[in-house]
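Data first, discussion second: the structure below is written as structure tokens.
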Amino acid sequence: MNFKYLPLLALAAFASVQATAQELTNKIPSHADFVVAINNKAIVEHSSMALLNETLTKLGAFEKTTNNLDFSIKSLEELDVNLDKQAFVYRTNTDSLYYIGVLIPLKANHKVKERMFSQFDVLPMYSGYERRVSKDGKTQVAWNQETLFVLTGDLHRNYFQMKEVADRYGLDLGVYGGGSDSWLYDETLSAADTAVAVEAIATEEVLPDTVNILEEISEATAEAEIAYADTAALISIDWDDDVDTVETDSYDLESDSLYLLSQIREAKNDSLKNKLFGTWLTNDFNHYLDPKNNLGQHKAVKIADQKHLLRLWIPNLDKLYQDALPYDVLKMAYGVDLKNFKYGYEDATFDLIQDQHTLKLNGTVGVDAEMAKIFKTLYNNKINKRFSQYIPENHLAYASMNISTEGYLKQLPALISRWYAPLAGEYADVVTIAATALEIGLDEKSIGKVMKGDHVFFLNDLQKVTKDYVTYEYDDDYNYKEITKTKDEYVPNFLWMFTSQDQRLYKKILEFAVKKQEVSLENGIYKISEQKKLEPIYILFKHDIVFVGSDLEQLTSIEQNRFKASRNMKVKKDMSTNPFNMVVHTNAIPEVVSKLEIPVTAPLQQTLKDLSAYGDVQIKSTHLHKNRFSGEFSVELPKEDKNALQYILKHILKNLDHPIKN
């Protein structure tokens, strides 16, 4: 063999693998609302096939799957799914319906035809695909040698509640006639509506392989009409305002009759809508099987990193949010028209990542140019470098936030105009004008000096304090007297610091409180006295930082320049790099719960014990970069197993073997 051709052959092999990987994404329509990518290979490699099979077996997944298949399975290997490739789930959406598409890679020489969908009706082949349709017509499937495609969905019920839509398709929303006191069935209108429905469905393009359902719709409608009319003929319902009482038997009959009429009407509507959806699905299916405009070349859909287990990609976050809101209801109820309401969010990607023993949910969101300009001003703030000198050595949790106060006030009119004014309906212009007037009246630079916008909060170790409490002593005659005793208990203490280059306002307020004897001042530290169940709070001004805390010794050490700062570089990096951080040292939670004497129920005791082996739980966000925000939620799992996924699966198995009893 000539070795000089090896690089060329390797490149060709790689290209063929890439082409195979892209094949499924070529079947995702470009107008999908969202796409979920499942990295089968990474999930199997990080967990092991044996562990997955054991977990799925004990969860009863194979049992449930077997009920829907023509053969029994006991392991993932027996399925026809190619676990070396990624699978995809997507959704498309219109005002009238939504579709859910599922794309599954198949093994070579699979037996889908023999093993699956025997309860589905056979349809003619299309473009090399074998096809089936469910009995109710609401799910269609197709497969070839490499891919299984499932398309299902449903109608948007609210869409068909609109009168013009209901009239178009012959739906009966309930007809009120004969005055306000009598409810009668209108056969003429119902017949007209049925004719409209049949005509509307008949105008749809019907493929040659489509089962003709027009007659079924007509028959179903006719049956509902007959039953409906018969019931209406037997029942005469009138309410007379002059009659104060109604016999119990008559009232029950009328109530039952109304309910029966309603059920018949709903059955008729459901029959029409189900047939309508079945027709639309049949007409659309082939276009979805091989969409001309697809996401085959879109990099965001595919998972390239084997650390990534799952991915959710949303092409337009604003649109997804808008589709989820009941605009018609909001407009009718509150007069708020949000059709054109936009937050300014564009595409978004969310990844579930396993990084050794850490599990992460990572997200990035794009914003439009206008919102990018606003957020750049908000995050144009440098955190106070002196904060790093006051990081406590021991703490249970910490949080930091760095958003420019001056920038926020400057951008307030733009934020209100973009985000909040649309909620005010007809008063939107007034709200925008008020925000502009507020901006003109405020001195952003001066307010920014009072509180710059950078904050750091530390929840320290628990502090032991002596508390007074009242108890009672009884004599032989059950007379009692109050006795005050003391006990030691633990309370959380904190340290909060923020930058203030102009501290006059804070000092004036505290000096006024000192005169009123509500605050005391000693050695440069203000003390807000204990109130009810709250411990005293101390305030210290040093350099350009305001310190607020509940530990007098901690603030005294800061004031006397003997504070011992932590050398934890991660905390310093988090504070300086990210505009928002929150970290909880999870392994400290069991001891905290014990010291605080918090009652723990039996089901939570083992969970609490497990937390002692966990690492940190963290939420963080990054600065805006190329008009994109990034954020991450992460949890460090115990290092008892090979990686995070194995720990989770084994933990599930452990709980299944030893269920916790309530």
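Simple scheme: letters A, B, ... for chains in structure tokens order, numbers from 1 for residues in each chain, numbers from 1 for ligands in the order shown.
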- Item | Nearby residues (only C-alpha atoms) at most 9 Å from Leu438 in chain A, same-chain spacing under 6 positions excluded, as a VMD selection string | chain A and resid 409 412 to 413
Selection to disk with C-alpha atoms, as a PDB file, in the first residue's frame:
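Written file, part_39.pdb:
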ATOM      1  CA  LEU A 409     -29.951  55.634  35.386  1.00  0.00           C
ATOM      2  CA  LEU A 412     -33.540  53.881  32.278  1.00  0.00           C
ATOM      3  CA  PRO A 413     -35.682  55.676  29.653  1.00  0.00           C
TER       4      PRO A 413
END
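Near Thr364 in chain A, within 6 Å and counting only C-alpha atoms, sit Ala348, Thr349, Phe629 and Ser630 of chain A, not including residues fewer than 3 positions from it in the same chain.
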Give me the range 586-650 of chain A side of the contact with range 29-47 of chain A, cut-off 10 Å, one line per residue showing its nearest atom pair and distance in Å at one decimal, counting only C-alpha atoms, sorted by chain and residue number, as a tab-separated table.
residue	atom	partner	partner_atom	distance
A:Lys642	CA	A:His46	CA	8.4
A:Asn643	CA	A:His46	CA	7.2
A:Ala644	CA	A:His46	CA	8.5
A:Leu645	CA	A:Ser47	CA	5.9
A:Gln646	CA	A:Ser47	CA	5.0
A:Tyr647	CA	A:Ser47	CA	8.8
A:Ile648	CA	A:Ser47	CA	9.4
A:Leu649	CA	A:Ser47	CA	7.8
A:Lys650	CA	A:Ser47	CA	9.6
Those same residues - C-alpha atoms - I'd like them written as a compact mmCIF listing (two decimals), in the first residue's frame.
# COMPACT_ATOMS: atom_id res chain seq x y z
CA LYS A 642 -15.54 7.99 37.54
CA ASN A 643 -17.50 11.13 36.68
CA ALA A 644 -20.63 13.15 37.42
CA LEU A 645 -22.99 11.14 35.21
CA GLN A 646 -21.97 7.84 36.75
CA TYR A 647 -22.50 9.26 40.23
CA ILE A 648 -26.02 10.41 39.32
CA LEU A 649 -27.00 7.06 37.79
CA LYS A 650 -25.61 5.09 40.74
- Hey, what's within 6 Å of range 631-634 of chain A if we count only C-alpha atoms and toss same-chain stuff fewer than 6 positions away? As a list of chain:residue names, please?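 Surrounding residues, per the criterion: A:Leu359, A:Lys360, A:Leu361, A:Asn362, A:Gly363, A:Val617, A:Gln618, A:Ile619, A:Lys620, A:Ser621.
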- Task: Kindly indicate which residue among A:Leu459, A:Val470, A:Ile483, A:Leu505 lies nearest to Leu396 in chain A, using only C-alpha atoms for the distances.
- Result: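 Nearest to Leu396 in chain A: A:Leu459.
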- Identify, with DSSP run on backbone atoms, the residues in range 441-568 of chain A assigned to strand (DSSP E or B), and express the list as a PyMOL selection string. chain A and resi 454-474+480-499+519-522+525-528+531+534+537-542+545-549+565
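Computed from the coordinates, the CA of Val548 in chain A to CA of Gly615 in chain A distance equals 28.0 Å.
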- Extract, using only C-alpha atoms, all DNA, RNA and protein residues at most 9 Å from Gly366 in chain A, discarding same-chain residues fewer than 5 positions from it, and format them as a PyMOL selection string. chain A and resi 317+344-348+372+626-630
- DSSP on the backbone, then: every residue of range 269-308 of chain A marked alpha helix (DSSP H), written as a VMD selection string. chain A and resid 269 to 289
- Message: as a list in words, please: the residues near range 512-518 of chain A (cut-off 12 Å, only C-alpha atoms, same-chain neighbours under 2 positions excluded).
- Response: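 After dropping sequence-adjacent residues, the list is Leu505, Tyr506, Lys507, Lys508, Ile509, Leu510, Ser520, Leu521, Glu522, Ile525, Tyr526, Lys527, Ile528, Ser529, Glu530, Gln531, Pro536 and Ile537 of chain A.
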- Give me, please, the distance in Å between CA of Gly448 in chain A and CA of Met371 in chain A, quoted to one decimal. 21.5 Å
- Across A:Tyr408, A:Trp419, A:Phe117, A:Tyr169, the smallest distance to Thr432 in chain A, with only C-alpha atoms counted, is shown by A:Trp419
- Find the residues near Gly296 in chain A: any atom within 9 Å, counting only C-alpha atoms, skip ones fewer than 5 places away on the same chain, and give them as an MDAnalysis selection string. chainID A and resid 22:30 301
Could you dump the residues just selected with all heavy atoms as an mmCIF file, in the first residue's frame?
data_model
loop_
_atom_site.group_PDB
_atom_site.id
_atom_site.type_symbol
_atom_site.label_atom_id
_atom_site.label_comp_id
_atom_site.auth_asym_id
_atom_site.auth_seq_id
_atom_site.Cartn_x
_atom_site.Cartn_y
_atom_site.Cartn_z
ATOM 1 N N GLN A 22 -24.362 15.239 9.533
ATOM 2 C CA GLN A 22 -25.195 16.334 9.060
ATOM 3 C C GLN A 22 -26.514 15.859 8.461
ATOM 4 O O GLN A 22 -27.430 16.647 8.290
ATOM 5 C CB GLN A 22 -24.442 17.148 8.011
ATOM 6 C CG GLN A 22 -23.266 17.936 8.577
ATOM 7 C CD GLN A 22 -22.525 18.691 7.505
ATOM 8 O OE1 GLN A 22 -22.981 18.754 6.371
ATOM 9 N NE2 GLN A 22 -21.380 19.239 7.849
ATOM 10 N N GLU A 23 -26.600 14.577 8.174
ATOM 11 C CA GLU A 23 -27.780 14.094 7.463
ATOM 12 C C GLU A 23 -29.062 14.371 8.240
ATOM 13 O O GLU A 23 -30.057 14.813 7.671
ATOM 14 C CB GLU A 23 -27.651 12.592 7.197
ATOM 15 C CG GLU A 23 -28.828 12.055 6.402
ATOM 16 C CD GLU A 23 -28.722 10.565 6.176
ATOM 17 O OE1 GLU A 23 -27.651 9.992 6.438
ATOM 18 O OE2 GLU A 23 -29.720 9.987 5.748
ATOM 19 N N LEU A 24 -29.051 14.128 9.546
ATOM 20 C CA LEU A 24 -30.253 14.348 10.330
ATOM 21 C C LEU A 24 -30.586 15.832 10.446
ATOM 22 O O LEU A 24 -31.758 16.204 10.430
ATOM 23 C CB LEU A 24 -30.095 13.722 11.724
ATOM 24 C CG LEU A 24 -30.103 12.189 11.772
ATOM 25 C CD1 LEU A 24 -30.048 11.702 13.202
ATOM 26 C CD2 LEU A 24 -31.331 11.624 11.078
ATOM 27 N N THR A 25 -29.572 16.682 10.573
ATOM 28 C CA THR A 25 -29.854 18.115 10.664
ATOM 29 C C THR A 25 -30.418 18.646 9.351
ATOM 30 O O THR A 25 -31.108 19.669 9.338
ATOM 31 C CB THR A 25 -28.595 18.901 11.061
ATOM 32 O OG1 THR A 25 -27.553 18.628 10.127
ATOM 33 C CG2 THR A 25 -28.130 18.514 12.445
ATOM 34 N N ASN A 26 -30.126 17.967 8.240
ATOM 35 C CA ASN A 26 -30.718 18.348 6.957
ATOM 36 C C ASN A 26 -32.225 18.134 6.937
ATOM 37 O O ASN A 26 -32.924 18.633 6.053
ATOM 38 C CB ASN A 26 -30.097 17.537 5.818
ATOM 39 C CG ASN A 26 -28.715 18.045 5.463
ATOM 40 O OD1 ASN A 26 -28.408 19.200 5.698
ATOM 41 N ND2 ASN A 26 -27.887 17.188 4.900
ATOM 42 N N LYS A 27 -32.742 17.392 7.909
ATOM 43 C CA LYS A 27 -34.168 17.097 7.971
ATOM 44 C C LYS A 27 -34.882 17.951 9.020
ATOM 45 O O LYS A 27 -36.051 17.720 9.310
ATOM 46 C CB LYS A 27 -34.377 15.614 8.259
ATOM 47 C CG LYS A 27 -33.806 14.718 7.162
ATOM 48 C CD LYS A 27 -34.117 13.259 7.413
ATOM 49 C CE LYS A 27 -33.523 12.400 6.290
ATOM 50 N NZ LYS A 27 -34.053 12.788 4.957
ATOM 51 N N ILE A 28 -34.155 18.934 9.585
ATOM 52 C CA ILE A 28 -34.781 19.850 10.536
ATOM 53 C C ILE A 28 -35.156 21.126 9.784
ATOM 54 O O ILE A 28 -34.287 21.804 9.243
ATOM 55 C CB ILE A 28 -33.825 20.192 11.694
ATOM 56 C CG1 ILE A 28 -33.378 18.915 12.409
ATOM 57 C CG2 ILE A 28 -34.496 21.148 12.670
ATOM 58 C CD1 ILE A 28 -32.331 19.152 13.475
ATOM 59 N N PRO A 29 -36.433 21.473 9.712
ATOM 60 C CA PRO A 29 -36.832 22.664 8.949
ATOM 61 C C PRO A 29 -36.251 23.935 9.562
ATOM 62 O O PRO A 29 -36.102 24.039 10.782
ATOM 63 C CB PRO A 29 -38.365 22.643 9.030
ATOM 64 C CG PRO A 29 -38.680 21.780 10.199
ATOM 65 C CD PRO A 29 -37.587 20.776 10.316
ATOM 66 N N SER A 30 -35.940 24.883 8.719
ATOM 67 C CA SER A 30 -35.283 26.111 9.174
ATOM 68 C C SER A 30 -36.192 26.962 10.052
ATOM 69 O O SER A 30 -35.709 27.815 10.792
ATOM 70 C CB SER A 30 -34.818 26.933 7.968
ATOM 71 O OG SER A 30 -35.911 27.237 7.120
ATOM 72 N N VAL A 301 -26.706 23.895 15.896
ATOM 73 C CA VAL A 301 -27.571 22.746 16.161
ATOM 74 C C VAL A 301 -26.765 21.516 16.570
ATOM 75 O O VAL A 301 -27.203 20.705 17.382
ATOM 76 C CB VAL A 301 -28.426 22.433 14.916
ATOM 77 C CG1 VAL A 301 -29.295 21.209 15.154
ATOM 78 C CG2 VAL A 301 -29.272 23.622 14.548
#
- Task: Would you mind telling me which residue in A:Ile100, A:Tyr480, A:Thr499, A:Thr471 lies nearest to Ile447 in chain A when using only C-alpha atoms?
- Result: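 Using only C-alpha atoms, the shortest distance to Ile447 in chain A belongs to A:Thr499.
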- Taking only C-alpha atoms into account, which of A:Val133, A:Ala397, A:Leu462, A:Leu495 comes nearest Gln554 in chain A?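 Between A:Val133, A:Ala397, A:Leu462, A:Leu495, the residue approaching Gln554 in chain A most closely is A:Leu495.
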